[in-house]
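Here's query_35.cif, which has mmCIF, C-alpha atoms:
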```
data_final
#
loop_
_atom_site.group_PDB
_atom_site.id
_atom_site.type_symbol
_atom_site.label_atom_id
_atom_site.label_comp_id
_atom_site.auth_asym_id
_atom_site.auth_seq_id
_atom_site.Cartn_x
_atom_site.Cartn_y
_atom_site.Cartn_z
ATOM 1 C CA MET R 1 37.047 -28.547 31.418
ATOM 2 C CA ASP R 2 34.325 -26.215 32.660
ATOM 3 C CA THR R 3 30.637 -26.546 31.781
ATOM 4 C CA PHE R 4 30.720 -24.081 28.905
ATOM 5 C CA GLU R 5 33.835 -25.607 27.350
ATOM 6 C CA PHE R 6 32.167 -29.018 27.550
ATOM 7 C CA LEU R 7 28.987 -27.687 25.936
ATOM 8 C CA LYS R 8 31.005 -26.070 23.137
ATOM 9 C CA TYR R 9 32.826 -29.350 22.626
ATOM 10 C CA MET R 10 29.507 -31.191 22.352
ATOM 11 C CA VAL R 11 28.068 -28.665 19.885
ATOM 12 C CA GLU R 12 31.223 -28.843 17.776
ATOM 13 C CA GLU R 13 31.150 -32.663 17.763
ATOM 14 C CA GLU R 14 27.498 -32.698 16.710
ATOM 15 C CA HIS R 15 28.276 -30.343 13.844
ATOM 16 C CA LYS R 16 31.218 -32.499 12.766
ATOM 17 C CA ALA R 17 28.859 -35.478 12.706
ATOM 18 C CA LEU R 18 26.320 -33.491 10.643
ATOM 19 C CA ASP R 19 29.050 -32.548 8.167
ATOM 20 C CA GLN R 20 30.145 -36.190 7.927
ATOM 21 C CA LEU R 21 26.592 -37.130 6.989
ATOM 22 C CA LEU R 22 26.471 -34.366 4.392
ATOM 23 C CA ASP R 23 29.757 -35.665 2.960
ATOM 24 C CA LYS R 24 28.149 -39.078 2.367
ATOM 25 C CA ILE R 25 25.304 -37.896 0.178
ATOM 26 C CA THR R 26 24.530 -35.998 -2.995
ATOM 27 C CA ASP R 27 22.322 -32.952 -3.477
ATOM 28 C CA GLU R 28 19.745 -35.270 -5.072
ATOM 29 C CA MET R 29 19.427 -37.287 -1.849
ATOM 30 C CA LEU R 30 18.286 -34.192 0.056
ATOM 31 C CA SER R 31 14.882 -34.496 -1.610
ATOM 32 C CA ARG R 32 14.364 -38.117 -0.579
ATOM 33 C CA PRO R 33 11.821 -38.913 2.139
ATOM 34 C CA LEU R 34 13.206 -39.365 5.642
ATOM 35 C CA TYR R 35 11.483 -42.755 5.755
ATOM 36 C CA GLU R 36 8.855 -44.548 3.711
ATOM 37 C CA GLY R 37 5.664 -42.497 3.760
ATOM 38 C CA ALA R 38 7.300 -39.519 5.486
ATOM 39 C CA ASP R 39 6.068 -36.015 4.767
ATOM 40 C CA SER R 40 9.542 -34.579 5.295
ATOM 41 C CA THR R 41 12.763 -35.087 3.376
ATOM 42 C CA ILE R 42 16.366 -35.515 4.449
ATOM 43 C CA GLY R 43 17.059 -31.913 3.406
ATOM 44 C CA GLU R 44 14.087 -30.597 5.360
ATOM 45 C CA ARG R 45 15.293 -32.422 8.489
ATOM 46 C CA PHE R 46 18.753 -30.871 8.120
ATOM 47 C CA ARG R 47 17.124 -27.455 7.724
ATOM 48 C CA HIS R 48 15.003 -28.103 10.835
ATOM 49 C CA ILE R 49 18.058 -29.082 12.898
ATOM 50 C CA LEU R 50 20.049 -26.016 11.899
ATOM 51 C CA GLY R 51 17.204 -23.512 11.951
ATOM 52 C CA ALA R 52 15.950 -24.673 15.335
ATOM 53 C CA GLU R 53 19.440 -24.524 16.842
ATOM 54 C CA TYR R 54 19.892 -20.977 15.574
ATOM 55 C CA ARG R 55 16.522 -19.849 16.960
ATOM 56 C CA MET R 56 17.074 -21.576 20.308
ATOM 57 C CA ALA R 57 20.452 -19.831 20.694
ATOM 58 C CA ASN R 58 18.587 -16.538 20.252
ATOM 59 C CA TYR R 59 16.271 -17.445 23.135
ATOM 60 C CA LEU R 60 19.165 -17.365 25.595
ATOM 61 C CA TYR R 61 21.191 -14.513 24.152
ATOM 62 C CA GLU R 62 19.213 -12.108 22.012
ATOM 63 C CA THR R 63 20.969 -9.616 19.782
ATOM 64 C CA GLN R 64 19.692 -7.276 17.117
ATOM 65 C CA SER R 65 22.264 -8.454 14.591
ATOM 66 C CA HIS R 66 20.803 -11.921 14.074
ATOM 67 C CA ASP R 67 17.978 -12.988 11.814
ATOM 68 C CA PRO R 68 15.360 -14.751 13.977
ATOM 69 C CA GLU R 69 13.892 -16.274 10.814
ATOM 70 C CA PHE R 70 17.125 -18.046 9.836
ATOM 71 C CA SER R 71 16.043 -20.572 7.220
ATOM 72 C CA PRO R 72 18.914 -22.429 5.579
ATOM 73 C CA ASP R 73 18.877 -23.383 1.918
ATOM 74 C CA LEU R 74 18.017 -27.068 1.782
ATOM 75 C CA SER R 75 18.615 -27.499 -1.920
ATOM 76 C CA SER R 76 22.352 -28.162 -1.727
ATOM 77 C CA ILE R 77 24.963 -29.793 0.455
ATOM 78 C CA ASP R 78 27.082 -26.628 0.246
ATOM 79 C CA GLY R 79 24.154 -24.489 1.421
ATOM 80 C CA LEU R 80 23.548 -26.775 4.382
ATOM 81 C CA LYS R 81 27.245 -26.809 5.305
ATOM 82 C CA GLN R 82 27.295 -23.005 5.268
ATOM 83 C CA ALA R 83 24.146 -22.968 7.403
ATOM 84 C CA SER R 84 25.793 -25.408 9.809
ATOM 85 C CA GLU R 85 28.732 -23.028 10.245
ATOM 86 C CA VAL R 86 26.398 -20.084 10.905
ATOM 87 C CA SER R 87 24.255 -22.100 13.312
ATOM 88 C CA MET R 88 27.267 -23.420 15.240
ATOM 89 C CA ALA R 89 28.824 -19.943 15.434
ATOM 90 C CA ARG R 90 25.554 -18.568 16.815
ATOM 91 C CA HIS R 91 25.418 -21.353 19.404
ATOM 92 C CA PHE R 92 29.036 -20.591 20.437
ATOM 93 C CA GLU R 93 28.276 -16.872 20.650
ATOM 94 C CA THR R 94 25.423 -17.627 23.036
ATOM 95 C CA LEU R 95 27.567 -19.900 25.209
ATOM 96 C CA ASP R 96 30.351 -17.293 25.252
ATOM 97 C CA ASN R 97 27.898 -14.726 26.612
ATOM 98 C CA LEU R 98 26.454 -16.845 29.407
ATOM 99 C CA SER R 99 27.934 -17.317 32.851
ATOM 100 C CA PRO R 100 27.514 -20.285 35.188
ATOM 101 C CA SER R 101 24.899 -18.351 37.162
ATOM 102 C CA ASP R 102 22.921 -17.740 33.942
ATOM 103 C CA LEU R 103 22.226 -21.473 33.761
ATOM 104 C CA GLU R 104 19.837 -21.017 36.683
ATOM 105 C CA LYS R 105 17.828 -18.315 34.917
ATOM 106 C CA VAL R 106 14.384 -19.133 33.604
ATOM 107 C CA TRP R 107 13.275 -18.522 30.042
ATOM 108 C CA THR R 108 9.558 -18.356 29.252
ATOM 109 C CA SER R 109 8.237 -19.123 25.790
ATOM 110 C CA LYS R 110 6.256 -16.267 24.285
ATOM 111 C CA ALA R 111 4.299 -18.775 22.221
ATOM 112 C CA SER R 112 3.326 -21.355 24.857
ATOM 113 C CA GLY R 113 3.986 -19.612 28.168
ATOM 114 C CA ASN R 114 6.010 -22.638 29.339
ATOM 115 C CA SER R 115 9.100 -21.914 31.409
ATOM 116 C CA TYR R 116 12.444 -23.711 31.301
ATOM 117 C CA SER R 117 15.797 -23.189 32.968
ATOM 118 C CA TYR R 118 18.635 -22.095 30.713
ATOM 119 C CA LYS R 119 20.466 -25.240 31.826
ATOM 120 C CA TYR R 120 17.619 -27.407 30.515
ATOM 121 C CA LEU R 121 17.500 -25.511 27.212
ATOM 122 C CA VAL R 122 21.246 -25.742 26.595
ATOM 123 C CA TRP R 123 21.162 -29.511 27.129
ATOM 124 C CA HIS R 124 18.007 -29.742 25.047
ATOM 125 C CA PHE R 125 19.796 -28.009 22.150
ATOM 126 C CA ILE R 126 22.393 -30.780 22.074
ATOM 127 C CA GLU R 127 19.789 -33.519 22.515
ATOM 128 C CA HIS R 128 17.713 -32.016 19.715
ATOM 129 C CA ILE R 129 20.629 -32.045 17.287
ATOM 130 C CA SER R 130 21.658 -35.600 18.160
ATOM 131 C CA THR R 131 18.113 -36.997 17.956
ATOM 132 C CA HIS R 132 17.452 -35.606 14.516
ATOM 133 C CA ARG R 133 20.995 -36.405 13.360
ATOM 134 C CA GLY R 134 20.234 -40.026 14.221
ATOM 135 C CA GLN R 135 17.067 -39.902 12.138
ATOM 136 C CA VAL R 136 18.985 -38.505 9.171
ATOM 137 C CA ALA R 137 21.801 -41.048 9.592
ATOM 138 C CA THR R 138 19.269 -43.883 9.597
ATOM 139 C CA ALA R 139 17.678 -42.586 6.407
ATOM 140 C CA ILE R 140 21.004 -42.067 4.670
ATOM 141 C CA ASN R 141 22.238 -45.525 5.626
ATOM 142 C CA ARG R 142 19.039 -47.045 4.282
ATOM 143 C CA TYR R 143 19.492 -45.299 0.939
ATOM 144 C CA LEU R 144 23.191 -46.147 0.691
ATOM 145 C CA SER R 145 22.819 -49.835 1.539
#
```
Structure rendered as structure tokens:
Amino acid sequence: MDTFEFLKYMVEEEHKALDQLLDKITDEMLSRPLYEGADSTIGERFRHILGAEYRMANYLYETQSHDPEFSPDLSSIDGLKQASEVSMARHFETLDNLSPSDLEKVWTSKASGNSYSYKYLVWHFIEHISTHRGQVATAINRYLS
């Protein structure tokens, strides 16, 4: 399996895990705090995961046909599942349009001026999803137990 096939596999597995979490809960649970005293809710964390992934994919492969302000509906499980499909498809589109040599390119943030290799950003995308997925899973398990 080459690097890009492995990355696609990882993205797909993370999205399967997100969908499994969404299958465990009700729409009502999306409005519950992530943890006691938290300012954000379970739904807002899902929206953050999916919106950030979509935007980060645009950093590495920009096209005119994508909405840079992708902001999934956090009010329903169905809306979040649809957003997950869009976000994953956008991530795959980016990976399909990169070559192994592209991983050595450098991307510079327009907001902060910080520079990162594409390789770092691709791995960070996966780490970002899994970190926040763990936070959501912890919250859901607390509410379901």
Neighbour residues at most 6 Å from (18.7, -17.4, 24.9) (only C-alpha atoms) as a ChimeraX atom specification: /R:57-61
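Atom CA of Leu121 of chain R is positioned 29.0 Å from atom CA of Asp23 of chain R.
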Residues near segment 78-93 of chain R, cut-off 9 Å, only C-alpha atoms, skip fewer than 3 positions along chain, as a PyMOL selection string: chain R and resi 7-8+11-12+15+18-19+22+27+43+46-47+50-58+61+66+70-75+96-98
Test item: axis-aligned box, all listed atoms of segment 127-132 of chain R, 4 Å on each side, centre and edges in Å rounded to one decimal, as JSON:
```
{"center_x": 19.6, "center_y": -34.5, "center_z": 18.5, "size_x": 12.2, "size_y": 13.0, "size_z": 16.0}
```
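Proximity ranking of R:Glu14, R:Tyr118, R:Ser145, R:Ala139 relative to Met29 of chain R places R:Ala139 first, based on only C-alpha atoms.
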Ground truth for the PyMOL selection byres ((chain R and resi 107) around 8), written as a list in words: Tyr59, Leu60, Lys105, Val106, Thr108, Ser109, Ser115, Tyr116, Ser117 and Tyr118 of chain R
Prev. selection, C-alpha atoms, output as a PDB file, keeping the file's coordinate frame:
```
ATOM      1  CA  TYR R  59      16.271 -17.445  23.135  1.00  0.00           C
ATOM      2  CA  LEU R  60      19.165 -17.365  25.595  1.00  0.00           C
ATOM      3  CA  LYS R 105      17.828 -18.315  34.917  1.00  0.00           C
ATOM      4  CA  VAL R 106      14.384 -19.133  33.604  1.00  0.00           C
ATOM      5  CA  THR R 108       9.558 -18.356  29.252  1.00  0.00           C
ATOM      6  CA  SER R 109       8.237 -19.123  25.790  1.00  0.00           C
ATOM      7  CA  SER R 115       9.100 -21.914  31.409  1.00  0.00           C
ATOM      8  CA  TYR R 116      12.444 -23.711  31.301  1.00  0.00           C
ATOM      9  CA  SER R 117      15.797 -23.189  32.968  1.00  0.00           C
ATOM     10  CA  TYR R 118      18.635 -22.095  30.713  1.00  0.00           C
TER      11      TYR R 118
END
```
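Shortest atom-to-atom contact with Thr63 of chain R among R:Gly134, R:Glu104, R:Ser31, R:Thr94: R:Thr94, counting all atoms listed in the file.
Coordinates place atom CA of Thr131 of chain R at a distance of 17.2 Å from atom CA of Tyr9 of chain R.
From atom CA of Glu62 of chain R back to atom CA of His128 of chain R, the distance works out to 20.1 Å.
Using only C-alpha atoms, the shortest contact distance between Leu30 of chain R and any of R:Ala111, R:Met10, R:Ile77, R:Met1 is found at R:Ile77.
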For His48 of chain R, the nearest of the candidates R:Asn114, R:Glu13, R:Ser101, R:His132, counting only C-alpha atoms: R:His132
